[in-house]
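Content type mmCIF, C-alpha atoms (C1' of nucleotides), from the file entry02.cif:
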```cif
data_query
loop_
_atom_site.label_atom_id
_atom_site.label_comp_id
_atom_site.auth_asym_id
_atom_site.auth_seq_id
_atom_site.Cartn_x
_atom_site.Cartn_y
_atom_site.Cartn_z
CA MET I 1 0.00 0.00 0.00
CA LYS I 2 1.44 3.33 -1.15
CA THR I 3 2.51 5.88 1.43
CA TYR I 4 3.67 9.49 1.12
CA SER I 5 6.32 11.65 2.78
CA ILE I 6 5.14 15.06 3.96
CA SER I 7 6.46 16.75 0.83
CA GLU I 8 4.83 14.16 -1.42
CA ALA I 9 1.55 14.61 0.44
CA ALA I 10 1.89 18.40 0.14
CA ASN I 11 2.45 18.02 -3.57
CA GLU I 12 -0.52 15.70 -3.97
CA LEU I 13 -2.82 18.16 -2.19
CA ASN I 14 -1.38 21.41 -3.58
CA LEU I 15 -0.44 22.52 -0.09
CA THR I 16 2.95 23.39 1.38
CA VAL I 17 4.88 21.30 3.86
CA TYR I 18 4.46 24.19 6.31
CA THR I 19 0.70 24.04 5.97
CA LEU I 20 0.53 20.31 6.62
CA ARG I 21 2.67 20.64 9.74
CA TYR I 22 0.48 23.56 10.82
CA TYR I 23 -2.64 21.43 10.40
CA ASP I 24 -1.03 18.66 12.42
CA LYS I 25 -0.14 21.12 15.17
CA GLU I 26 -3.76 22.31 15.21
CA GLY I 27 -4.91 18.74 15.78
CA LEU I 28 -6.37 18.13 12.32
CA LEU I 29 -4.21 15.10 11.57
CA PRO I 30 -4.34 12.73 14.58
CA PHE I 31 -4.59 9.80 12.16
CA VAL I 32 -1.19 10.39 10.50
CA GLU I 33 1.32 7.84 11.77
CA ARG I 34 5.05 8.26 12.38
CA THR I 35 8.18 6.19 11.90
CA ALA I 36 10.25 5.21 14.95
CA SER I 37 12.33 8.35 14.36
CA GLY I 38 9.24 10.59 14.31
CA ILE I 39 8.80 11.12 10.57
CA ARG I 40 5.21 11.43 9.34
CA VAL I 41 3.94 8.73 7.00
CA PHE I 42 0.81 9.63 5.04
CA LYS I 43 -1.42 6.74 3.96
CA GLU I 44 -3.82 6.87 1.02
CA SER I 45 -6.69 7.25 3.50
CA ASP I 46 -4.92 10.21 5.13
CA ILE I 47 -4.78 11.95 1.76
CA SER I 48 -8.53 11.33 1.39
CA ALA I 49 -9.19 12.72 4.85
CA LEU I 50 -7.16 15.81 3.97
CA LYS I 51 -9.29 16.24 0.87
CA ILE I 52 -12.34 16.37 3.13
CA ILE I 53 -10.56 18.94 5.28
CA GLU I 54 -9.83 21.01 2.17
CA CYS I 55 -13.46 20.65 1.16
CA LEU I 56 -14.63 21.96 4.53
CA LYS I 57 -12.16 24.82 4.24
CA ALA I 58 -13.62 25.64 0.82
CA THR I 59 -17.00 26.14 2.49
CA GLY I 60 -15.41 28.81 4.68
CA MET I 61 -15.22 26.66 7.79
CA PRO I 62 -12.50 27.82 10.20
CA ILE I 63 -9.83 25.35 11.25
CA LYS I 64 -11.02 25.24 14.87
CA GLU I 65 -14.43 24.00 13.73
CA ILE I 66 -12.86 21.48 11.38
CA LYS I 67 -11.03 20.19 14.43
CA HIS I 68 -14.37 19.51 16.14
CA PHE I 69 -15.31 17.31 13.22
CA ILE I 70 -11.98 15.47 13.39
CA ASP I 71 -12.51 14.94 17.12
CA TRP I 72 -16.00 13.59 16.45
CA CYS I 73 -14.55 11.15 13.91
CA SER I 74 -12.16 9.86 16.57
CA GLU I 75 -15.02 9.45 19.06
CA GLY I 76 -16.92 6.99 16.87
CA ASP I 77 -20.60 6.25 16.36
CA SER I 78 -21.83 8.33 19.30
CA THR I 79 -21.15 11.49 17.26
CA LEU I 80 -22.83 10.42 14.01
CA GLN I 81 -25.69 12.86 14.56
CA GLN I 82 -23.35 15.83 15.10
CA ARG I 83 -21.41 14.98 11.98
CA TYR I 84 -24.55 14.60 9.92
CA ASP I 85 -25.92 17.90 11.21
CA MET I 86 -22.62 19.59 10.43
CA PHE I 87 -22.67 18.50 6.80
CA VAL I 88 -26.31 19.51 6.41
CA GLU I 89 -25.42 22.94 7.77
CA ARG I 90 -22.41 23.15 5.44
CA LYS I 91 -24.66 22.28 2.50
CA ALA I 92 -26.91 25.21 3.36
CA MET I 93 -23.85 27.47 3.70
CA VAL I 94 -22.52 26.52 0.28
CA GLU I 95 -25.91 26.99 -1.33
CA ALA I 96 -26.12 30.46 0.21
CA GLN I 97 -22.61 31.24 -1.05
CA MET I 98 -23.59 30.18 -4.55
CA GLU I 99 -26.67 32.38 -4.41
CA GLU I 100 -24.49 35.29 -3.31
CA LEU I 101 -21.98 34.66 -6.10
CA LYS I 102 -24.77 34.59 -8.65
CA LYS I 103 -25.84 38.08 -7.60
CA THR I 104 -22.23 39.24 -7.69
CA LEU I 105 -21.85 37.83 -11.18
CA GLU I 106 -24.91 39.74 -12.37
CA LEU I 107 -23.43 43.02 -11.17
CA ILE I 108 -20.06 42.19 -12.72
CA ASP I 109 -21.76 41.33 -16.00
CA HIS I 110 -23.51 44.66 -15.92
CA LYS I 111 -20.19 46.43 -15.35
CA CYS I 112 -18.61 44.55 -18.26
CA PHE I 113 -21.40 45.83 -20.47
CA TYR I 114 -21.12 49.35 -19.02
CA TYR I 115 -17.38 49.59 -19.73
CA LYS I 116 -17.64 47.90 -23.14
CA THR I 117 -20.16 50.54 -24.16
CA ALA I 118 -18.07 53.38 -22.72
CA LEU I 119 -14.97 52.01 -24.41
CA ASP I 120 -16.73 51.87 -27.80
CA ALA I 121 -17.94 55.44 -27.34
CA GLY I 122 -14.51 56.57 -26.11
CA THR I 123 -16.02 58.18 -23.03
CA GLU I 124 -17.93 57.27 -19.93
CA ASP I 125 -20.19 60.27 -20.57
CA ILE I 126 -22.28 58.04 -22.84
CA HIS I 127 -23.92 56.73 -19.65
CA LYS I 128 -24.51 60.14 -18.06
CA ASN I 129 -28.06 60.54 -19.46
CA ASN I 130 -28.96 56.87 -19.37
CA LYS I 131 -31.11 56.44 -16.27
CA ILE I 132 -31.24 52.65 -16.55
CA VAL I 133 -27.60 52.36 -15.55
CA ILE I 134 -27.14 51.72 -11.83
CA ASN I 135 -24.01 53.73 -11.09
CA ASN I 136 -20.47 54.52 -12.23
CA MET Y 1 -31.34 64.71 -2.28
CA LYS Y 2 -30.98 62.34 0.68
CA THR Y 3 -27.64 62.06 2.48
CA TYR Y 4 -26.38 59.70 5.18
CA SER Y 5 -24.20 60.05 8.26
CA ILE Y 6 -21.45 57.46 8.64
CA SER Y 7 -23.59 55.34 10.97
CA GLU Y 8 -26.58 55.51 8.63
CA ALA Y 9 -24.35 54.51 5.73
CA ALA Y 10 -22.89 51.66 7.77
CA ASN Y 11 -26.39 50.51 8.58
CA GLU Y 12 -27.49 50.71 4.95
CA LEU Y 13 -24.51 48.60 3.82
CA ASN Y 14 -24.38 46.15 6.74
CA LEU Y 15 -20.91 47.35 7.64
CA THR Y 16 -19.59 48.91 10.82
CA VAL Y 17 -18.59 52.55 11.24
CA TYR Y 18 -15.05 51.27 11.89
CA THR Y 19 -14.98 49.50 8.56
CA LEU Y 20 -16.12 52.56 6.64
CA ARG Y 21 -13.45 54.70 8.28
CA TYR Y 22 -10.92 51.97 7.52
CA TYR Y 23 -11.96 51.96 3.85
CA ASP Y 24 -11.62 55.73 3.79
CA LYS Y 25 -8.16 55.53 5.35
CA GLU Y 26 -7.16 53.01 2.66
CA GLY Y 27 -8.22 55.48 -0.02
CA LEU Y 28 -11.37 53.67 -1.15
CA LEU Y 29 -13.69 56.62 -0.53
CA PRO Y 30 -12.12 59.76 -2.08
CA PHE Y 31 -15.57 60.77 -3.34
CA VAL Y 32 -17.15 61.09 0.11
CA GLU Y 33 -17.46 64.77 0.98
CA ARG Y 34 -17.12 66.44 4.37
CA THR Y 35 -18.82 69.28 6.20
CA ALA Y 36 -16.74 72.36 7.12
CA SER Y 37 -16.02 70.68 10.46
CA GLY Y 38 -14.79 67.49 8.79
CA ILE Y 39 -17.81 65.21 9.22
CA ARG Y 40 -18.39 62.71 6.38
CA VAL Y 41 -21.57 63.13 4.33
CA PHE Y 42 -22.53 60.09 2.23
CA LYS Y 43 -24.57 60.78 -0.90
CA GLU Y 44 -26.84 58.24 -2.59
CA SER Y 45 -24.14 57.78 -5.26
CA ASP Y 46 -21.55 57.08 -2.56
CA ILE Y 47 -23.72 54.27 -1.23
CA SER Y 48 -23.92 52.86 -4.77
CA ALA Y 49 -20.15 53.08 -5.17
CA LEU Y 50 -19.73 51.27 -1.86
CA LYS Y 51 -22.02 48.53 -3.15
CA ILE Y 52 -19.62 48.08 -6.08
CA ILE Y 53 -16.74 47.93 -3.62
CA GLU Y 54 -18.61 45.25 -1.65
CA CYS Y 55 -19.26 43.40 -4.89
CA LEU Y 56 -15.56 43.41 -5.76
CA LYS Y 57 -14.77 42.22 -2.24
CA ALA Y 58 -17.24 39.37 -2.73
CA THR Y 59 -15.16 38.21 -5.71
CA GLY Y 60 -12.19 37.90 -3.37
CA MET Y 61 -10.45 41.06 -4.57
CA PRO Y 62 -8.09 42.51 -1.96
CA ILE Y 63 -8.60 46.09 -0.83
CA LYS Y 64 -5.34 47.28 -2.39
CA GLU Y 65 -6.53 46.18 -5.81
CA ILE Y 66 -9.94 47.74 -5.28
CA LYS Y 67 -8.04 50.95 -4.61
CA HIS Y 68 -6.48 50.74 -8.08
CA PHE Y 69 -9.96 50.64 -9.54
CA ILE Y 70 -11.03 53.65 -7.46
CA ASP Y 71 -7.94 55.52 -8.62
CA TRP Y 72 -8.75 54.67 -12.23
CA CYS Y 73 -12.28 56.00 -11.74
CA SER Y 74 -10.79 59.31 -10.56
CA GLU Y 75 -8.47 59.46 -13.56
CA GLY Y 76 -11.30 59.48 -16.08
CA ASP Y 77 -11.69 58.13 -19.60
CA SER Y 78 -7.99 57.32 -20.09
CA THR Y 79 -8.42 54.29 -17.81
CA LEU Y 80 -11.58 52.84 -19.38
CA GLN Y 81 -9.66 49.92 -20.88
CA GLN Y 82 -8.07 48.97 -17.54
CA ARG Y 83 -11.43 49.08 -15.83
CA TYR Y 84 -13.07 46.99 -18.54
CA ASP Y 85 -10.25 44.42 -18.39
CA MET Y 86 -10.54 44.30 -14.63
CA PHE Y 87 -14.24 43.44 -14.71
CA VAL Y 88 -13.70 40.82 -17.42
CA GLU Y 89 -11.02 39.23 -15.24
CA ARG Y 90 -13.33 39.38 -12.20
CA LYS Y 91 -16.05 37.66 -14.21
CA ALA Y 92 -13.68 34.78 -14.96
CA MET Y 93 -12.70 34.62 -11.29
CA VAL Y 94 -16.29 34.39 -10.13
CA GLU Y 95 -17.10 31.73 -12.69
CA ALA Y 96 -14.13 29.69 -11.47
CA GLN Y 97 -15.28 30.14 -7.88
CA MET Y 98 -18.74 28.88 -8.79
CA GLU Y 99 -17.24 25.85 -10.51
CA GLU Y 100 -15.18 25.16 -7.38
CA LEU Y 101 -18.21 25.54 -5.12
CA LYS Y 102 -20.18 23.13 -7.28
CA LYS Y 103 -17.52 20.45 -6.74
CA THR Y 104 -17.49 21.20 -3.03
CA LEU Y 105 -21.25 20.87 -2.90
CA GLU Y 106 -21.08 17.47 -4.57
CA LEU Y 107 -18.70 16.18 -1.92
CA ILE Y 108 -20.82 17.68 0.86
CA ASP Y 109 -23.92 16.06 -0.63
CA HIS Y 110 -22.13 12.75 -0.65
CA LYS Y 111 -21.21 13.20 3.01
CA CYS Y 112 -24.80 14.02 3.91
CA PHE Y 113 -25.86 10.77 2.30
CA TYR Y 114 -23.01 8.86 3.98
CA TYR Y 115 -23.96 10.07 7.46
CA LYS Y 116 -27.70 9.70 6.87
CA THR Y 117 -27.12 6.06 6.00
CA ALA Y 118 -24.79 5.52 8.96
CA LEU Y 119 -27.28 7.22 11.26
CA ASP Y 120 -30.12 4.97 10.06
CA ALA Y 121 -27.94 1.91 10.59
CA GLY Y 122 -26.75 3.17 13.97
CA THR Y 123 -23.10 2.66 12.98
CA GLU Y 124 -20.56 3.86 10.50
CA ASP Y 125 -19.49 0.23 9.96
CA ILE Y 126 -22.28 -0.04 7.39
CA HIS Y 127 -19.87 1.65 4.96
CA LYS Y 128 -16.87 -0.50 5.77
CA ASN Y 129 -17.52 -3.04 2.99
CA ASN Y 130 -19.00 -0.59 0.51
CA LYS Y 131 -16.23 0.15 -1.94
CA ILE Y 132 -18.18 2.89 -3.73
CA VAL Y 133 -17.80 5.21 -0.76
CA ILE Y 134 -14.88 7.61 -1.10
CA ASN Y 135 -13.68 7.88 2.50
CA ASN Y 136 -14.76 8.31 6.12
"C1'" DT Q 1 32.09 9.39 5.20
"C1'" DT Q 2 30.36 13.22 4.16
"C1'" DA Q 3 27.20 16.20 2.04
"C1'" DA Q 4 22.63 16.94 0.27
"C1'" DA Q 5 18.15 16.59 1.07
"C1'" DC Q 6 15.18 15.25 3.79
"C1'" DC Q 7 12.91 15.31 8.48
"C1'" DT Q 8 11.91 17.21 13.48
"C1'" DT Q 9 10.38 20.94 17.17
"C1'" DA Q 10 9.74 25.47 18.95
"C1'" DT Q 11 9.00 29.86 18.10
"C1'" DA Q 12 8.90 34.21 15.62
"C1'" DG Q 13 7.15 36.95 11.73
"C1'" DT Q 14 3.73 38.18 8.14
"C1'" DT Q 15 -0.51 39.67 6.02
"C1'" DA Q 16 -5.19 41.14 5.45
"C1'" DA Q 17 -8.95 43.09 7.20
"C1'" DC Q 18 -10.71 44.67 10.50
"C1'" DT Q 19 -11.66 46.32 15.54
"C1'" DC Q 20 -10.94 49.04 19.26
"C1'" DT Q 21 -9.15 52.83 22.44
"C1'" DA Q 22 -7.84 57.36 23.75
"C1'" DG Q 23 -8.42 61.86 23.46
"C1'" DG Q 24 -10.67 65.37 21.45
"C1'" DT Q 25 -14.60 68.15 18.56
"C1'" DC Q 26 -19.36 69.21 17.32
"C1'" DA Q 27 -24.55 69.84 17.37
"C1'" DA Q 28 -28.96 69.50 19.58
"C1'" DG Q 29 -32.06 69.29 23.69
"C1'" DG Q 30 -33.17 70.64 28.50
"C1'" DC C 1 -24.84 77.03 29.60
"C1'" DC C 2 -24.19 72.31 29.91
"C1'" DT C 3 -24.51 67.71 29.03
"C1'" DT C 4 -25.03 63.84 25.94
"C1'" DG C 5 -24.24 61.31 22.11
"C1'" DA C 6 -22.41 61.01 17.56
"C1'" DC C 7 -18.69 62.45 15.12
"C1'" DC C 8 -13.36 62.99 14.30
"C1'" DT C 9 -8.07 61.21 14.07
"C1'" DA C 10 -4.05 58.50 15.17
"C1'" DG C 11 -2.48 54.61 16.38
"C1'" DA C 12 -2.53 50.13 18.92
"C1'" DG C 13 -4.50 45.44 19.20
"C1'" DT C 14 -6.74 41.24 17.29
"C1'" DT C 15 -7.48 37.13 14.55
"C1'" DA C 16 -6.84 33.56 11.21
"C1'" DA C 17 -4.03 31.14 8.51
"C1'" DC C 18 -0.22 30.62 7.21
"C1'" DT C 19 5.09 31.22 6.43
"C1'" DA C 20 9.64 31.27 7.81
"C1'" DT C 21 13.78 30.57 10.76
"C1'" DA C 22 16.88 28.36 13.92
"C1'" DA C 23 18.93 24.48 15.67
"C1'" DG C 24 19.32 20.05 15.25
"C1'" DG C 25 18.46 14.74 13.84
"C1'" DT C 26 18.08 11.10 9.83
"C1'" DT C 27 18.59 8.96 5.39
"C1'" DT C 28 20.62 8.14 1.08
"C1'" DA C 29 23.72 8.40 -2.80
"C1'" DA C 30 28.56 9.33 -4.53
#
```
What does the file become when written as structure tokens?
Amino acid sequence: MKTYSISEAANELNLTVYTLRYYDKEGLLPFVERTASGIRVFKESDISALKIIECLKATGMPIKEIKHFIDWCSEGDSTLQQRYDMFVERKAMVEAQMEELKKTLELIDHKCFYYKTALDAGTEDIHKNNKIVINN
Amino acid sequence: MKTYSISEAANELNLTVYTLRYYDKEGLLPFVERTASGIRVFKESDISALKIIECLKATGMPIKEIKHFIDWCSEGDSTLQQRYDMFVERKAMVEAQMEELKKTLELIDHKCFYYKTALDAGTEDIHKNNKIVINN
DNA sequence: TTAAACCTTATAGTTAACTCTAGGTCAAGG
DNA sequence: CCTTGACCTAGAGTTAACTATAAGGTTTAA
């Protein structure tokens, strides 16, 4: 079964070695084993777990909250409900973020149109008497 | 024409007074006028401009880069191209972010299903011999 | 066998974006 | 007139998430 050194794992996950050690220090990687001399050995399953951590980070979850999830995983079946609830909450978060981004994109699109028009006219003044336009 | 005090503006934009003063200090609000005694007076158009600033922030743009845009706005028609290019680039950014979020949502959805199933079974072991499942 | 390229820990520094405090000014109501 | 509350500036403090350094141990290839 393939294993990874810290730099190989970092490479695999597009993280730095510093970041992985930082995560470990913050208690996010209790599952990563060590050699007799203290060197971290990342298993395939550790890489997968780190992908979940990266996924939670992508939802805007702070590291301290991700640690709660990791702790729950270590505690076993008694925390299944908490973990389920957490993912349901994350789902709602992500959906809200997507909604927000959609609105942002609409405004950006409008600005692209605004500046394209101004650029074609050579001046922003073209919009000065157009009341439909939201703002500069 | 309606105007706003700094706290009214903060309220309108769901920001704090501190944040608005911070933005001003960073050069994001050169258009906000002052009374003879130095008190900020926000016009309707200033609120709109701040909404654009918030929109750019929502795309992940750092304040220093937003300042470039504000500077370009002050410089007039000679910077129309830069401003257009900036919004086109922002559009691409937001689209990439949405793509990323979609992938995140898929993983989260999978986790919701995983924990729902485990919860119904009363144990996570239910997934131990299911090779389709990605990871804990 | 020695040097390069890893690894370790502990701890300090960085960056962005606020967030707050201190000390003072200003405008309106009693 | 005086007090109260909102405003002002300058500058210090906070937080999260890295990012880097120092001092040293381990492994591997020439």
Quick one: residues within 7 Å of Val94 of chain I, only C-alpha atoms (C1' of nucleotides) counted, chain neighbours fewer than 2 positions away excluded, as a VMD selection string? (chain I and resid 59 90 to 92 96 to 98) or (chain Y and resid 101 105)
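Closest approach to Glu89 of chain Y among I:Lys111, I:His127, I:Lys51, I:Lys64: I:Lys111, based on all atoms listed in the file.
Every residue of chain Y that lies within 10 Å of chain C is listed here, counting all atoms listed in the file: Ser5, Ile6, Ser7, Ser37, Gly38, Ile39 and Arg40 of chain Y.
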Quick one: which residues from chain I are at most 9 Å off chain Y, using all atoms listed in the file, as a PyMOL selection string? chain I and resi 45+48-49+52+55-56+58-59+73+76-78+80-81+83-88+90-91+94-95+97-98+100-105+107-109+111-116+118-119+122-125+134-136
Contact set, chain Y to chain Q: 8 Å, only C-alpha atoms (C1' of nucleotides), as a PyMOL selection string: chain Y and resi 18-19+22+37
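One distance worth recording is that between atom CA of Asp71 of chain Y and atom CA of Pro30 of chain Y, which is 8.8 Å.
In this structure, atom CA of Glu12 of chain I sits 29.2 Å away from atom CA of Ile126 of chain Y.
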Segment 5-22 of chain C written out with N, CA, C and O atoms (P, O5', C5', C4', C3', O3' and C1' of nucleotides) as a short mmCIF file (atom, residue, chain, number, x, y, z; two decimals), in the first residue's frame:
```
data_model
loop_
_atom_site.label_atom_id
_atom_site.label_comp_id
_atom_site.auth_asym_id
_atom_site.auth_seq_id
_atom_site.Cartn_x
_atom_site.Cartn_y
_atom_site.Cartn_z
P DG C 5 -26.53 59.73 26.23
"O5'" DG C 5 -26.37 59.50 24.67
"C5'" DG C 5 -27.19 60.24 23.75
"C4'" DG C 5 -26.39 60.56 22.50
"C3'" DG C 5 -25.56 59.38 21.98
"O3'" DG C 5 -25.81 59.28 20.59
"C1'" DG C 5 -24.24 61.31 22.11
P DA C 6 -25.50 57.90 19.86
"O5'" DA C 6 -24.98 58.39 18.43
"C5'" DA C 6 -25.60 59.50 17.78
"C4'" DA C 6 -24.56 60.29 17.02
"C3'" DA C 6 -23.55 59.42 16.25
"O3'" DA C 6 -23.44 59.85 14.90
"C1'" DA C 6 -22.41 61.01 17.56
P DC C 7 -22.59 59.00 13.85
"O5'" DC C 7 -21.26 59.86 13.71
"C5'" DC C 7 -21.28 61.08 12.99
"C4'" DC C 7 -20.10 61.93 13.38
"C3'" DC C 7 -18.74 61.36 12.98
"O3'" DC C 7 -18.43 61.66 11.64
"C1'" DC C 7 -18.69 62.45 15.12
P DC C 8 -17.13 60.91 11.02
"O5'" DC C 8 -15.89 61.60 11.75
"C5'" DC C 8 -15.53 62.93 11.42
"C4'" DC C 8 -14.29 63.34 12.19
"C3'" DC C 8 -13.12 62.39 12.01
"O3'" DC C 8 -12.41 62.69 10.82
"C1'" DC C 8 -13.36 62.99 14.30
P DT C 9 -11.40 61.62 10.25
"O5'" DT C 9 -10.11 61.72 11.20
"C5'" DT C 9 -9.46 62.98 11.40
"C4'" DT C 9 -8.29 62.79 12.35
"C3'" DT C 9 -7.30 61.74 11.86
"O3'" DT C 9 -6.00 62.27 11.83
"C1'" DT C 9 -8.07 61.21 14.07
P DA C 10 -4.83 61.46 11.08
"O5'" DA C 10 -4.00 60.84 12.30
"C5'" DA C 10 -3.94 61.54 13.54
"C4'" DA C 10 -3.28 60.65 14.58
"C3'" DA C 10 -2.31 59.62 14.00
"O3'" DA C 10 -1.16 59.58 14.84
"C1'" DA C 10 -4.05 58.50 15.17
P DG C 11 0.12 58.65 14.44
"O5'" DG C 11 -0.16 57.34 15.31
"C5'" DG C 11 -0.46 57.46 16.70
"C4'" DG C 11 -1.01 56.16 17.21
"C3'" DG C 11 -0.24 54.92 16.74
"O3'" DG C 11 -0.08 54.06 17.85
"C1'" DG C 11 -2.48 54.61 16.38
P DA C 12 1.20 53.08 18.00
"O5'" DA C 12 0.70 52.04 19.09
"C5'" DA C 12 -0.18 52.46 20.14
"C4'" DA C 12 -1.21 51.36 20.40
"C3'" DA C 12 -0.63 49.95 20.31
"O3'" DA C 12 -1.05 49.25 21.47
"C1'" DA C 12 -2.53 50.13 18.92
P DG C 13 -0.63 47.72 21.75
"O5'" DG C 13 -1.95 46.97 21.28
"C5'" DG C 13 -3.22 47.32 21.83
"C4'" DG C 13 -4.25 46.31 21.37
"C3'" DG C 13 -3.72 44.87 21.38
"O3'" DG C 13 -4.75 44.06 21.96
"C1'" DG C 13 -4.50 45.44 19.20
P DT C 14 -4.63 42.49 22.06
"O5'" DT C 14 -5.44 42.08 20.76
"C5'" DT C 14 -6.82 42.45 20.62
"C4'" DT C 14 -7.42 41.70 19.46
"C3'" DT C 14 -7.07 40.21 19.43
"O3'" DT C 14 -8.30 39.51 19.46
"C1'" DT C 14 -6.74 41.24 17.29
P DT C 15 -8.37 37.95 19.76
"O5'" DT C 15 -8.45 37.35 18.30
"C5'" DT C 15 -9.49 37.75 17.42
"C4'" DT C 15 -9.21 37.16 16.07
"C3'" DT C 15 -8.62 35.74 16.14
"O3'" DT C 15 -9.58 34.87 15.56
"C1'" DT C 15 -7.48 37.13 14.55
P DA C 16 -9.36 33.26 15.58
"O5'" DA C 16 -9.07 33.01 14.04
"C5'" DA C 16 -9.81 33.68 13.03
"C4'" DA C 16 -9.13 33.43 11.72
"C3'" DA C 16 -8.61 32.00 11.57
"O3'" DA C 16 -9.06 31.51 10.32
"C1'" DA C 16 -6.84 33.56 11.21
P DA C 17 -8.88 29.99 9.94
"O5'" DA C 17 -7.52 30.06 9.09
"C5'" DA C 17 -7.47 30.91 7.95
"C4'" DA C 17 -6.05 30.95 7.46
"C3'" DA C 17 -5.37 29.57 7.44
"O3'" DA C 17 -4.71 29.40 6.19
"C1'" DA C 17 -4.03 31.14 8.51
P DC C 18 -4.35 27.91 5.68
"O5'" DC C 18 -2.98 27.56 6.45
"C5'" DC C 18 -1.69 27.77 5.90
"C4'" DC C 18 -1.39 29.25 5.74
"C3'" DC C 18 -0.04 29.52 5.13
"O3'" DC C 18 -0.13 30.57 4.17
"C1'" DC C 18 -0.22 30.62 7.21
P DT C 19 0.89 30.64 2.95
"O5'" DT C 19 2.31 30.89 3.65
"C5'" DT C 19 2.76 32.21 3.88
"C4'" DT C 19 4.06 32.19 4.62
"C3'" DT C 19 5.14 31.26 4.04
"O3'" DT C 19 6.15 32.10 3.54
"C1'" DT C 19 5.09 31.22 6.43
P DA C 20 7.52 31.59 2.90
"O5'" DA C 20 8.52 31.72 4.14
"C5'" DA C 20 8.53 32.95 4.86
"C4'" DA C 20 9.40 32.80 6.09
"C3'" DA C 20 10.72 32.07 5.84
"O3'" DA C 20 11.75 33.00 6.16
"C1'" DA C 20 9.64 31.27 7.81
P DT C 21 13.27 32.58 5.93
"O5'" DT C 21 13.72 32.27 7.43
"C5'" DT C 21 13.44 33.22 8.46
"C4'" DT C 21 13.97 32.68 9.78
"C3'" DT C 21 15.33 32.00 9.69
"O3'" DT C 21 16.14 32.51 10.75
"C1'" DT C 21 13.78 30.57 10.76
P DA C 22 17.74 32.23 10.73
"O5'" DA C 22 17.88 31.40 12.08
"C5'" DA C 22 17.06 31.74 13.21
"C4'" DA C 22 17.21 30.65 14.25
"C3'" DA C 22 18.57 29.95 14.23
"O3'" DA C 22 18.95 29.70 15.59
"C1'" DA C 22 16.88 28.36 13.92
#
```
